[in-house]
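Chemist: Data file protein-v7.cif (mmCIF, C-alpha atoms) is appended below.
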data_upload
loop_
_atom_site.group_PDB
_atom_site.id
_atom_site.type_symbol
_atom_site.label_atom_id
_atom_site.label_comp_id
_atom_site.auth_asym_id
_atom_site.auth_seq_id
_atom_site.Cartn_x
_atom_site.Cartn_y
_atom_site.Cartn_z
ATOM 1 C CA VAL A 1 192.471 75.538 154.240
ATOM 2 C CA PRO A 2 191.576 78.766 152.366
ATOM 3 C CA LEU A 3 194.327 81.375 152.039
ATOM 4 C CA MET A 4 193.728 85.131 152.224
ATOM 5 C CA PHE A 5 196.201 87.918 151.434
ATOM 6 C CA TRP A 6 195.721 91.486 152.637
ATOM 7 C CA PHE A 7 197.978 94.284 151.318
ATOM 8 C CA HIS A 8 198.658 97.513 153.189
ATOM 9 C CA GLY A 9 198.545 100.985 151.681
ATOM 10 C CA GLN A 10 201.395 103.413 150.984
ATOM 11 C CA TYR A 11 203.515 104.048 154.088
ATOM 12 C CA GLY A 12 201.891 101.040 155.787
ATOM 13 C CA SER A 13 203.202 97.735 157.076
ATOM 14 C CA GLY A 14 201.959 94.183 157.347
ATOM 15 C CA THR A 15 202.318 94.290 161.128
ATOM 16 C CA ASP A 16 200.197 97.421 161.419
ATOM 17 C CA GLU A 17 197.542 95.967 159.131
ATOM 18 C CA ALA A 18 197.309 92.779 161.182
ATOM 19 C CA ALA A 19 197.154 94.656 164.487
ATOM 20 C CA GLY A 20 195.170 97.695 163.323
ATOM 21 C CA PHE A 21 193.067 97.900 160.174
ATOM 22 C CA THR A 22 192.119 94.250 159.754
ATOM 23 C CA THR A 23 191.490 93.864 163.489
ATOM 24 C CA SER A 24 189.276 96.959 163.843
ATOM 25 C CA THR A 25 187.238 96.037 160.762
ATOM 26 C CA GLY A 26 186.702 92.442 161.863
ATOM 27 C CA TYR A 27 188.461 91.254 158.711
ATOM 28 C CA ARG A 28 191.016 89.223 160.612
ATOM 29 C CA SER A 29 188.626 87.717 163.169
ATOM 30 C CA CYS A 30 186.069 86.753 160.509
ATOM 31 C CA SER A 31 188.679 84.920 158.467
ATOM 32 C CA HIS A 32 189.988 83.267 161.633
ATOM 33 C CA ASP A 33 186.481 82.137 162.600
ATOM 34 C CA HIS A 34 186.253 80.370 159.245
ATOM 35 C CA GLY A 35 189.590 78.649 159.827
ATOM 36 C CA TRP A 36 191.424 80.531 157.083
ATOM 37 C CA ILE A 37 195.101 81.389 156.925
ATOM 38 C CA SER A 38 195.555 85.160 156.713
ATOM 39 C CA VAL A 39 198.759 86.711 155.400
ATOM 40 C CA PHE A 40 199.741 90.380 155.797
ATOM 41 C CA PRO A 41 202.846 90.995 153.648
ATOM 42 C CA MET A 42 205.130 94.012 153.872
ATOM 43 C CA GLY A 43 205.987 96.142 150.846
ATOM 44 C CA LEU A 44 209.379 97.789 150.331
ATOM 45 C CA GLY A 45 210.324 101.401 151.062
ATOM 46 C CA LEU A 46 213.322 103.484 150.009
ATOM 47 C CA MET A 47 215.767 101.866 152.459
ATOM 48 C CA SER A 48 214.458 98.293 152.346
ATOM 49 C CA ASP A 49 214.350 98.476 148.544
ATOM 50 C CA ALA A 50 218.027 99.443 148.517
ATOM 51 C CA LYS A 51 218.968 96.899 151.200
ATOM 52 C CA ALA A 52 217.546 94.102 149.046
ATOM 53 C CA LEU A 53 220.053 95.194 146.383
ATOM 54 C CA ASN A 54 222.956 95.495 148.867
ATOM 55 C CA ILE A 55 223.014 99.286 148.517
ATOM 56 C CA SER A 56 223.838 100.896 151.846
ATOM 57 C CA ASN A 57 222.741 104.468 151.122
ATOM 58 C CA PRO A 58 220.217 104.912 148.284
ATOM 59 C CA LYS A 59 220.369 108.704 148.587
ATOM 60 C CA THR A 60 223.975 108.693 147.361
ATOM 61 C CA TYR A 61 223.498 105.970 144.749
ATOM 62 C CA ASN A 62 224.440 106.626 141.095
ATOM 63 C CA PHE A 63 221.456 108.477 139.654
ATOM 64 C CA SER A 64 222.686 108.625 136.047
ATOM 65 C CA ALA A 65 219.470 106.970 134.810
ATOM 66 C CA TYR A 66 217.277 109.233 136.879
ATOM 67 C CA ASN A 67 215.225 112.046 135.334
ATOM 68 C CA ASN A 68 217.025 112.021 131.979
ATOM 69 C CA GLY A 69 220.439 112.050 133.609
ATOM 70 C CA GLN A 70 219.720 114.991 135.902
ATOM 71 C CA THR A 71 220.330 114.575 139.583
ATOM 72 C CA ALA A 72 217.472 115.196 141.977
ATOM 73 C CA ALA A 73 216.581 114.669 145.600
ATOM 74 C CA ILE A 74 215.551 111.087 146.261
ATOM 75 C CA LEU A 75 212.508 111.240 148.487
ATOM 76 C CA ASP A 76 211.403 108.460 150.772
ATOM 77 C CA LEU A 77 207.766 108.061 149.763
ATOM 78 C CA GLY A 78 207.287 105.133 152.076
ATOM 79 C CA THR A 79 206.610 101.446 151.742
ATOM 80 C CA GLY A 80 204.359 100.326 148.952
ATOM 81 C CA TRP A 81 203.686 97.920 146.125
ATOM 82 C CA ASN A 82 204.893 97.831 142.542
ATOM 83 C CA VAL A 83 201.738 98.107 140.424
ATOM 84 C CA GLY A 84 203.549 97.937 137.091
ATOM 85 C CA THR A 85 203.603 101.650 136.246
ATOM 86 C CA GLY A 86 207.280 102.430 136.872
ATOM 87 C CA GLY A 87 208.778 104.704 134.217
ATOM 88 C CA ASP A 88 205.434 105.978 132.934
ATOM 89 C CA SER A 89 205.488 109.769 133.211
ATOM 90 C CA LYS A 90 201.928 110.270 131.975
ATOM 91 C CA THR A 91 200.099 109.067 135.074
ATOM 92 C CA CYS A 92 200.460 112.196 137.228
ATOM 93 C CA LEU A 93 200.354 115.987 137.198
ATOM 94 C CA THR A 94 203.792 117.338 136.263
ATOM 95 C CA GLU A 95 205.209 120.834 135.893
ATOM 96 C CA SER A 96 204.387 120.826 132.160
ATOM 97 C CA SER A 97 200.701 120.134 132.842
ATOM 98 C CA GLN A 98 200.275 122.962 135.371
ATOM 99 C CA LYS A 99 197.970 125.024 133.211
ATOM 100 C CA GLY A 100 194.293 125.717 132.803
ATOM 101 C CA ALA A 101 192.315 124.212 135.662
ATOM 102 C CA PHE A 102 195.560 122.813 137.098
ATOM 103 C CA LYS A 103 197.664 125.979 137.081
ATOM 104 C CA ASP A 104 197.459 126.383 140.869
ATOM 105 C CA VAL A 105 197.792 122.673 141.668
ATOM 106 C CA SER A 106 201.148 121.516 142.988
ATOM 107 C CA ALA A 107 203.084 119.131 140.775
ATOM 108 C CA THR A 108 203.221 115.577 142.083
ATOM 109 C CA GLU A 109 206.049 114.586 144.392
ATOM 110 C CA TYR A 110 208.054 111.719 142.970
ATOM 111 C CA SER A 111 211.079 109.574 143.585
ATOM 112 C CA CYS A 112 213.014 106.801 141.918
ATOM 113 C CA TYR A 113 214.062 103.966 144.208
ATOM 114 C CA ALA A 114 217.243 102.022 143.494
ATOM 115 C CA SER A 115 215.401 99.042 141.998
ATOM 116 C CA CYS A 116 213.792 101.336 139.407
ATOM 117 C CA GLN A 117 217.127 102.917 138.527
ATOM 118 C CA ILE A 118 218.734 99.529 137.996
ATOM 119 C CA LYS A 119 215.861 98.406 135.775
ATOM 120 C CA GLY A 120 215.816 101.671 133.827
ATOM 121 C CA GLN A 121 212.270 102.353 134.975
ATOM 122 C CA CYS A 122 212.662 105.842 136.433
ATOM 123 C CA GLY A 123 209.946 108.303 135.549
ATOM 124 C CA ARG A 124 208.450 111.603 136.613
ATOM 125 C CA CYS A 125 205.483 109.826 138.228
ATOM 126 C CA ASN A 126 207.405 107.128 140.136
ATOM 127 C CA TRP A 127 206.610 106.711 143.810
ATOM 128 C CA SER A 128 207.356 103.102 144.754
ATOM 129 C CA THR A 129 209.651 100.138 144.362
ATOM 130 C CA CYS A 130 210.244 98.376 141.046
ATOM 131 C CA HIS A 131 210.969 95.029 142.670
ATOM 132 C CA ASP A 132 208.916 92.152 141.275
ATOM 133 C CA ASP A 133 206.118 92.000 143.840
ATOM 134 C CA ILE A 134 204.202 89.540 141.667
ATOM 135 C CA ALA A 135 207.072 87.075 142.036
ATOM 136 C CA PHE A 136 207.010 87.804 145.782
ATOM 137 C CA VAL A 137 203.354 86.757 146.007
ATOM 138 C CA LYS A 138 203.961 83.649 143.901
ATOM 139 C CA THR A 139 206.825 82.680 146.214
ATOM 140 C CA MET A 140 204.655 83.179 149.299
ATOM 141 C CA ILE A 141 201.981 80.916 147.841
ATOM 142 C CA SER A 142 204.582 78.286 146.978
ATOM 143 C CA VAL A 143 206.086 78.359 150.480
ATOM 144 C CA LEU A 144 202.705 78.321 152.226
ATOM 145 C CA ARG A 145 201.336 75.417 150.201
ATOM 146 C CA ARG A 146 204.389 73.334 151.132
ATOM 147 C CA LYS A 147 204.020 74.164 154.814
ATOM 148 C CA TYR A 148 200.224 74.037 155.149
ATOM 149 C CA CYS A 149 197.344 72.186 153.537
ATOM 150 C CA ILE A 150 196.201 75.099 151.370
ATOM 151 C CA ASP A 151 193.036 74.779 149.310
ATOM 152 C CA MET A 152 194.431 76.129 146.040
ATOM 153 C CA SER A 153 190.920 76.709 144.705
ATOM 154 C CA ARG A 154 190.249 79.179 147.532
ATOM 155 C CA ILE A 155 192.919 81.875 147.471
ATOM 156 C CA TYR A 156 191.667 85.431 148.038
ATOM 157 C CA ALA A 157 193.233 88.884 147.997
ATOM 158 C CA GLY A 158 192.353 92.381 149.106
ATOM 159 C CA GLY A 159 194.016 95.614 150.075
ATOM 160 C CA GLN A 160 193.534 99.246 150.920
ATOM 161 C CA SER A 161 194.681 102.251 148.856
ATOM 162 C CA ASN A 162 197.983 101.281 147.161
ATOM 163 C CA GLY A 163 197.264 97.749 148.406
ATOM 164 C CA GLY A 164 193.930 97.923 146.573
ATOM 165 C CA MET A 165 195.746 99.062 143.437
ATOM 166 C CA PHE A 166 198.101 96.110 143.874
ATOM 167 C CA THR A 167 195.091 93.786 144.243
ATOM 168 C CA HIS A 168 193.933 94.900 140.799
ATOM 169 C CA TYR A 169 197.444 94.399 139.449
ATOM 170 C CA LEU A 170 197.598 90.899 140.951
ATOM 171 C CA SER A 171 194.330 90.023 139.217
ATOM 172 C CA GLN A 172 195.888 91.094 135.924
ATOM 173 C CA ALA A 173 199.260 89.421 136.424
ATOM 174 C CA LEU A 174 198.039 86.186 138.100
ATOM 175 C CA PRO A 175 194.617 85.674 136.488
ATOM 176 C CA GLY A 176 194.476 81.963 137.302
ATOM 177 C CA VAL A 177 195.067 82.254 141.053
ATOM 178 C CA PHE A 178 192.328 84.111 142.944
ATOM 179 C CA ALA A 179 188.752 82.999 143.530
ATOM 180 C CA ALA A 180 187.726 86.515 144.622
ATOM 181 C CA VAL A 181 189.271 89.915 145.372
ATOM 182 C CA ASN A 182 188.156 92.983 147.323
ATOM 183 C CA PRO A 183 190.009 96.284 146.949
ATOM 184 C CA ILE A 184 188.935 99.237 149.105
ATOM 185 C CA TYR A 185 189.617 102.828 147.958
ATOM 186 C CA GLY A 186 192.224 101.530 145.521
ATOM 187 C CA LEU A 187 191.883 101.911 141.732
ATOM 188 C CA PRO A 188 194.391 101.498 138.871
ATOM 189 C CA LEU A 189 196.124 104.527 137.417
ATOM 190 C CA THR A 190 194.703 105.843 134.149
ATOM 191 C CA GLY A 191 195.696 103.575 131.277
ATOM 192 C CA TYR A 192 196.116 100.508 133.495
ATOM 193 C CA ALA A 193 192.519 99.368 134.025
ATOM 194 C CA ALA A 194 193.129 96.205 132.016
ATOM 195 C CA GLY A 195 196.858 96.039 132.709
ATOM 196 C CA ARG A 196 199.860 97.538 130.988
ATOM 197 C CA ASP A 197 199.424 95.189 128.021
ATOM 198 C CA GLY A 198 195.729 94.364 128.282
ATOM 199 C CA GLU A 199 196.268 91.329 130.506
ATOM 200 C CA LEU A 200 192.641 91.156 131.653
ATOM 201 C CA PHE A 201 191.453 90.827 128.058
ATOM 202 C CA ARG A 202 194.203 88.419 127.002
ATOM 203 C CA ASN A 203 193.473 86.172 129.988
ATOM 204 C CA GLN A 204 189.696 86.437 130.001
ATOM 205 C CA ARG A 205 189.168 82.685 130.354
ATOM 206 C CA LEU A 206 191.190 82.642 133.592
ATOM 207 C CA ILE A 207 189.875 85.896 135.063
ATOM 208 C CA ALA A 208 186.350 84.563 134.483
ATOM 209 C CA GLU A 209 186.766 82.516 137.671
ATOM 210 C CA THR A 210 187.523 85.551 139.860
ATOM 211 C CA SER A 211 184.696 87.509 141.512
ATOM 212 C CA ILE A 212 185.154 91.063 142.754
ATOM 213 C CA ILE A 213 183.590 93.296 145.387
ATOM 214 C CA GLU A 214 184.995 96.816 145.582
ATOM 215 C CA PHE A 215 184.417 99.484 148.254
ATOM 216 C CA HIS A 216 184.977 103.221 147.873
ATOM 217 C CA GLY A 217 184.211 106.411 149.777
ATOM 218 C CA ARG A 218 182.129 108.975 147.906
ATOM 219 C CA ASP A 219 184.280 111.882 149.140
ATOM 220 C CA ASP A 220 187.691 110.357 148.433
ATOM 221 C CA LYS A 221 189.999 113.080 147.078
ATOM 222 C CA ILE A 222 193.188 111.015 146.969
ATOM 223 C CA ILE A 223 191.803 108.267 144.705
ATOM 224 C CA PRO A 224 188.533 109.832 143.455
ATOM 225 C CA VAL A 225 185.654 107.447 142.906
ATOM 226 C CA ALA A 226 184.896 109.264 139.628
ATOM 227 C CA GLY A 227 188.475 108.855 138.458
ATOM 228 C CA GLY A 228 190.746 111.581 137.128
ATOM 229 C CA PRO A 229 193.352 113.498 139.140
ATOM 230 C CA SER A 230 193.777 113.350 142.860
ATOM 231 C CA THR A 231 193.218 116.783 144.371
ATOM 232 C CA LEU A 232 195.457 116.266 147.384
ATOM 233 C CA ASP A 233 198.383 118.691 147.368
ATOM 234 C CA GLN A 234 201.521 117.090 145.874
ATOM 235 C CA TRP A 235 199.753 113.754 145.323
ATOM 236 C CA SER A 236 198.141 114.301 141.948
ATOM 237 C CA TRP A 237 198.090 111.019 140.092
ATOM 238 C CA TYR A 238 195.366 110.188 137.531
ATOM 239 C CA TYR A 239 193.064 107.272 138.302
ATOM 240 C CA THR A 240 190.582 105.019 136.543
ATOM 241 C CA SER A 241 187.015 105.527 137.769
ATOM 242 C CA LEU A 242 185.191 102.904 139.807
ATOM 243 C CA GLU A 243 182.455 102.822 137.161
ATOM 244 C CA GLU A 244 184.977 102.020 134.437
ATOM 245 C CA MET A 245 186.525 99.231 136.512
ATOM 246 C CA THR A 246 183.241 97.553 137.433
ATOM 247 C CA SER A 247 182.007 97.878 133.850
ATOM 248 C CA LEU A 248 185.207 96.237 132.626
ATOM 249 C CA TRP A 249 184.832 93.353 135.066
ATOM 250 C CA ALA A 250 181.150 93.009 134.153
ATOM 251 C CA SER A 251 182.109 92.764 130.488
ATOM 252 C CA LEU A 252 184.737 90.110 131.210
ATOM 253 C CA HIS A 253 182.131 88.075 133.101
ATOM 254 C CA GLY A 254 179.431 88.521 130.482
ATOM 255 C CA CYS A 255 177.144 90.398 132.900
ATOM 256 C CA GLN A 256 174.380 92.812 132.061
ATOM 257 C CA LYS A 257 175.381 96.477 132.030
ATOM 258 C CA GLU A 258 172.567 97.357 134.408
ATOM 259 C CA THR A 259 173.071 96.922 138.125
ATOM 260 C CA ARG A 260 170.679 96.011 140.937
ATOM 261 C CA ASP A 261 170.732 97.332 144.494
ATOM 262 C CA VAL A 262 171.880 94.450 146.728
ATOM 263 C CA THR A 263 172.402 96.490 149.897
ATOM 264 C CA ASN A 264 169.682 94.691 151.859
ATOM 265 C CA LYS A 265 171.003 91.304 150.781
ATOM 266 C CA ILE A 266 174.443 92.147 152.166
ATOM 267 C CA LYS A 267 172.899 93.743 155.252
ATOM 268 C CA LYS A 268 171.225 90.441 156.138
ATOM 269 C CA ALA A 269 174.634 88.783 156.209
ATOM 270 C CA CYS A 270 176.406 91.706 157.904
ATOM 271 C CA PRO A 271 174.072 93.816 160.078
ATOM 272 C CA HIS A 272 176.864 96.222 161.127
ATOM 273 C CA ILE A 273 176.484 98.026 157.799
ATOM 274 C CA ALA A 274 176.525 101.837 158.059
ATOM 275 C CA ALA A 275 173.374 103.735 157.097
ATOM 276 C CA ASN A 276 175.062 105.442 154.133
ATOM 277 C CA VAL A 277 176.358 102.278 152.430
ATOM 278 C CA GLU A 278 174.841 101.298 149.083
ATOM 279 C CA CYS A 279 175.893 98.222 147.094
ATOM 280 C CA TRP A 280 175.090 97.351 143.490
ATOM 281 C CA GLU A 281 175.648 94.191 141.488
ATOM 282 C CA HIS A 282 175.765 93.508 137.755
ATOM 283 C CA GLN A 283 173.159 90.902 136.897
ATOM 284 C CA LYS A 284 173.082 87.593 135.007
ATOM 285 C CA CYS A 285 176.833 87.085 134.646
ATOM 286 C CA GLY A 286 177.556 84.339 132.162
ATOM 287 C CA THR A 287 180.424 83.050 134.295
ATOM 288 C CA LYS A 288 178.150 82.587 137.361
ATOM 289 C CA ARG A 289 180.537 84.843 139.272
ATOM 290 C CA ARG A 290 179.701 88.205 140.872
ATOM 291 C CA VAL A 291 180.731 91.815 140.213
ATOM 292 C CA VAL A 292 179.720 94.099 143.101
ATOM 293 C CA HIS A 293 180.653 97.608 144.165
ATOM 294 C CA CYS A 294 179.720 99.501 147.323
ATOM 295 C CA LEU A 295 179.801 103.245 147.982
ATOM 296 C CA TYR A 296 179.668 104.967 151.348
ATOM 297 C CA ASP A 297 180.040 108.458 152.799
ATOM 298 C CA GLY A 298 183.690 108.939 153.628
ATOM 299 C CA HIS A 299 187.107 110.164 152.603
ATOM 300 C CA HIS A 300 190.228 108.186 151.763
ATOM 301 C CA GLY A 301 190.918 105.835 154.653
ATOM 302 C CA ASP A 302 187.377 105.938 156.029
ATOM 303 C CA LEU A 303 185.429 102.698 156.380
ATOM 304 C CA PRO A 304 181.848 101.636 155.584
ATOM 305 C CA GLY A 305 181.041 100.721 159.164
ATOM 306 C CA GLN A 306 183.584 99.530 161.702
ATOM 307 C CA LYS A 307 182.813 95.801 161.620
ATOM 308 C CA PHE A 308 180.877 95.676 158.365
ATOM 309 C CA PHE A 309 183.836 95.660 155.972
ATOM 310 C CA GLY A 310 185.461 92.551 157.386
ATOM 311 C CA CYS A 311 182.169 90.685 157.572
ATOM 312 C CA ALA A 312 181.123 91.624 154.021
ATOM 313 C CA SER A 313 184.515 90.730 152.591
ATOM 314 C CA VAL A 314 184.674 87.268 154.143
ATOM 315 C CA TRP A 315 180.973 86.666 153.389
ATOM 316 C CA PHE A 316 181.712 87.449 149.747
ATOM 317 C CA PHE A 317 184.891 85.369 149.582
ATOM 318 C CA ASN A 318 183.168 82.389 151.160
ATOM 319 C CA GLN A 319 180.872 82.020 148.158
ATOM 320 C CA PHE A 320 183.595 81.260 145.624
ATOM 321 C CA ARG A 321 186.179 78.675 144.720
ATOM 322 C CA ARG A 322 187.945 78.143 141.418
ATOM 323 C CA THR A 323 187.045 75.073 139.372
ATOM 324 C CA SER A 324 190.539 75.157 137.878
ATOM 325 C CA PRO A 325 192.801 75.905 140.875
ATOM 326 C CA VAL A 326 196.380 76.992 140.428
ATOM 327 C CA ARG A 327 198.857 74.115 140.276
#
Write out the structure in this file as structure tokens.
Modeler:
Amino acid sequence: VPLMFWFHGQYGSGTDEAAGFTTSTGYRSCSHDHGWISVFPMGLGLMSDAKALNISNPKTYNFSAYNNGQTAAILDLGTGWNVGTGGDSKTCLTESSQKGAFKDVSATEYSCYASCQIKGQCGRCNWSTCHDDIAFVKTMISVLRRKYCIDMSRIYAGGQSNGGMFTHYLSQALPGVFAAVNPIYGLPLTGYAAGRDGELFRNQRLIAETSIIEFHGRDDKIIPVAGGPSTLDQWSWYYTSLEEMTSLWASLHGCQKETRDVTNKIKKACPHIAANVECWEHQKCGTKRRVVHCLYDGHHGDLPGQKFFGCASVWFFNQFRRTSPVR
């Protein structure tokens, strides 16, 4: 049986994703119709992060490692996923960079959860847990394969916003696991397109068996499709552009730089496509895998047609299996 993971965005929950987003988009029903097992994990927030470490009140925890030894308010920035950027203070707009075009832009809100303090990974741009979410996913796969007859050549992953960022991070950290991935309005922070240590390049042979289809709203101001800083007040992180990410994946797969419009091809499979959706694909990939990206009119959190996204995602996933499945 194929296995599909879907990761919620910041402040989200697995329960809400299963009952809300993936239901309204048809993502859940399409995977169910194909007989797949769908998993909607839950990321950690300020309190659950601390609870996992047996800390009763994270807001009164010892903050000696926080912000160069200075105490500060510990904000609850919600549940989310560790995307490997903890401790890096160059990925967001800080007080020192409020000049020039950014002089009137609010500095980014930040926090340092207990797991980051313990690991010495506090930084001015922190916003989420530092728990090992990669190990969490590996454990889920291990448990599920013991309980169910999982086709290990057909494991897929996707996510929205921070969950989309985590999907990219999973591809970097577990390059031999996924047959295909599909982030939506979720891109890596600047400097992490290929991973903190260039994991995509170092594991090119393994990542060559993973296809990708990525969706993004043209008017997204939280994670801009063109990359650079978010323009949402107090949420100004710096992001990799969609063009850079798809070009990187195309290079890893030995595809041509040029892309071809495949909107009509996808529309035949999923007629619920919105009128403003356009999809392009890099051609003649040496790996025989696919690198596709789709743009649509919309802001962060908007969808490319209510039922289209789920249909297109499962249609895409259904084309791929790994020839060297994870053991």
Chemist: Here is a test: counting only C-alpha atoms, which residue of A:Leu232, A:Ala208, A:Ile266, A:Ala180 is nearest to Phe320 (chain A)?
Modeler: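 Using only C-alpha atoms, the shortest distance to Phe320 (chain A) belongs to A:Ala180.
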Chemist: Pick out the closest residue to Arg196 (chain A) from this set: A:Gln117, A:Ser161, A:Ser24, A:Thr85. Count all atoms listed in the file.
Modeler: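 Closest candidate: A:Thr85.
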Chemist: To test your reading of the syntax: which residues would the PyMOL selection byres ((chain A and resi 27-38) around 10) return for the file shown? Reply as a tab-separated table (two decimals) with C-alpha atoms, in the coordinates of the input.
Modeler:
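Saved the output as selection-v3.tsv:
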chain	number	residue	atom	x	y	z
A	1	VAL	CA	192.47	75.54	154.24
A	2	PRO	CA	191.58	78.77	152.37
A	3	LEU	CA	194.33	81.38	152.04
A	4	MET	CA	193.73	85.13	152.22
A	5	PHE	CA	196.20	87.92	151.43
A	6	TRP	CA	195.72	91.49	152.64
A	17	GLU	CA	197.54	95.97	159.13
A	18	ALA	CA	197.31	92.78	161.18
A	19	ALA	CA	197.15	94.66	164.49
A	20	GLY	CA	195.17	97.70	163.32
A	21	PHE	CA	193.07	97.90	160.17
A	22	THR	CA	192.12	94.25	159.75
A	23	THR	CA	191.49	93.86	163.49
A	24	SER	CA	189.28	96.96	163.84
A	25	THR	CA	187.24	96.04	160.76
A	26	GLY	CA	186.70	92.44	161.86
A	39	VAL	CA	198.76	86.71	155.40
A	40	PHE	CA	199.74	90.38	155.80
A	41	PRO	CA	202.85	91.00	153.65
A	144	LEU	CA	202.70	78.32	152.23
A	148	TYR	CA	200.22	74.04	155.15
A	150	ILE	CA	196.20	75.10	151.37
A	151	ASP	CA	193.04	74.78	149.31
A	154	ARG	CA	190.25	79.18	147.53
A	155	ILE	CA	192.92	81.88	147.47
A	156	TYR	CA	191.67	85.43	148.04
A	157	ALA	CA	193.23	88.88	148.00
A	307	LYS	CA	182.81	95.80	161.62
A	308	PHE	CA	180.88	95.68	158.36
A	309	PHE	CA	183.84	95.66	155.97
A	310	GLY	CA	185.46	92.55	157.39
A	311	CYS	CA	182.17	90.68	157.57
A	312	ALA	CA	181.12	91.62	154.02
A	313	SER	CA	184.52	90.73	152.59
A	314	VAL	CA	184.67	87.27	154.14
A	315	TRP	CA	180.97	86.67	153.39
A	317	PHE	CA	184.89	85.37	149.58
A	318	ASN	CA	183.17	82.39	151.16
Chemist: Would you kindly translate the PyMOL selection byres ((chain A and resi 303) around 10) into the concrete residues it picks from this file, as a PyMOL selection string?
Modeler: chain A and resi 21+25+184-185+215-217+274+277+296-302+304-309
Chemist: Check the smallest atom-to-atom distance from each of A:Pro58, A:Pro325, A:Gly78, A:Gly228 to Gly191 (chain A) using all atoms listed in the file, then report the winner.
Modeler: A:Gly228
Chemist: Would you kindly translate the PyMOL selection byres ((chain A and resi 116) around 8) into the concrete residues it picks from this file, as a PyMOL selection string?
Modeler: chain A and resi 86-87+112-115+117-122+129-131
Chemist: From the list A:Val181, A:Thr231, A:Lys138, A:Asn82, which residue is nearest Asp219 (chain A) when using only C-alpha atoms?
Modeler: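 That would be A:Thr231, the residue with the smallest distance to Asp219 (chain A).
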